[in-house]
Each structure stands twice: as C-alpha cells, then as structure tokens.
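> Let me give you the structure first, and then I'll get to my questions.
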Amino acid sequence: MTDCIFCKIIAGEIPGQFVYRDDEIVVFRDINPTAPVHLLITPRKHIASNTEATSADEALLGKMFTVARNLATEQGLNTSGYRLIINTGAGAGQTVLHLHMHLIAGKPMGERLL
Ligand code: AMP
C-alpha cells in the first residue's frame, strides 16, 4: 500500500533500523521504544491487521512467532522473559494499519492487562 508507513520502511523508502530480513518477514526497531528491546516483527505482505488475515496467511503468521523466538533466543531474552503483543484495531491501541508483532524485553514487566 502506497500510504502505509511500514510498507515504505520495508521498501527502503524511509529509514528503518533493521535487525532481521528474509523474503517474508522484516524486523526493525520501534522508533519510540517502551523498553530497552522493542522490535516490530512485520510481514512484507500488507495485511492491515490480524482481522484482515486469512487462512492463506496461516504459515506467515506462524513464521512471525518463529522469527520472534529465534531473535529472543539469539539475544538471550528467553531467560529474562519477553512479551509479544499484537494490537488489533484502534480500540486495542493499533496505530499503524500494517500487521506487526511487538517484541518487548529488557525491563521488569509486572503490569498485566489480564
Ligand atoms: P501499534 O500501536 O501496535 O500499531 O504499534 C505501532 C508502532 O509503530 C508504535 O510503537 C510506534 O512507535 C511504531 N512506529 C511508528 N512509526 C515508526 C517508524 N517510522 N519506525 C519505527 N517504528 C515506528
């Protein structure tokens, strides 16, 4: 999508601090981190949110978890713990309408929503 900021980052049209890239998934640092580690695991394919994903995207969604796990393991985060968040819809706090998973770590995270 031409007006999607994450599509522009993925296409290299605006800068991103990339930490991982393959043919389906791109991971870059959040511009406004809420923790020492704050990564955005993002499919190259423009899917507005989890609501717009289809069964055809099942493998892609699974791969987002695999990439998150591999990055967390590589960075030694699995011992201290990390949080994966997918905000879906404005009411849940989604501000960028391109599906992405937040990987957050490096600070105590006692607060819970449920
Ligand atoms: P969400 O609110 O779940 O849609 O998350 C969107 C995230 O994208 C926020 O945490 C923003 O800080 C982040 N963000 C917005 N613009 C950029 C950008 N140009 N580069 C990196 N992260 C961004």
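Chain labels follow the order of the structure tokens: the first chain is A, the next B, and so on; residue numbering restarts at 1 in every chain, and ligands are counted from 1 in their shown order.
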Tell me which protein, DNA and RNA residues are within 12 Å of stretch 18-34 of chain A, counting only C-alpha atoms, leaving out same-chain ones fewer than 3 positions away, and put them as a ChimeraX atom specification.

/A:6-12,14-15,37-46,57,59-68,70-72,74-75,83,96,99-109

> Using the chain letters and numbers from this document, which residues of chain A does DSSP assign to strand (DSSP E), as an MDAnalysis selection string?

chainID A and resid 18:21 25:29 37:43 82:85 101:105

> Please determine, counting only C-alpha atoms and all ligand atoms, which residue among A:Glu52, A:Glu13, A:Glu58, A:Glu111 has the shortest atom-to-atom distance to ligand 1.

A:Glu13

> Please return as number ranges by chain: the residues of chain A that backbone DSSP assigns to helix (DSSP H, G or I).

A: 5-10, 50-52, 55-74, 77-80, 90-92

> Determine the nearest neighbour of ligand 1 from the options A:Thr2, A:Thr79, A:Thr73, A:Gln17, counting only C-alpha atoms and all ligand atoms.

A:Gln17

> Pick out the closest residue to ligand 1 from this set: A:Arg112, A:Asp3, A:Gly16, A:Ala48. Count only C-alpha atoms and all ligand atoms.

A:Gly16

> Quick one, how far is atom 6 (C, counted along the ligand's line) of ligand 1 from atom CA of A:Ala53?

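Computing the Euclidean distance for atom 6 (C, counted along the ligand's line) of ligand 1 and atom CA of A:Ala53 yields 17.5 Å.
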
> Quick one: of A:Ile5, A:Leu114, A:Ile47, A:Ala56, who's nearest to ligand 1, counting only C-alpha atoms and all ligand atoms?

A:Ile5
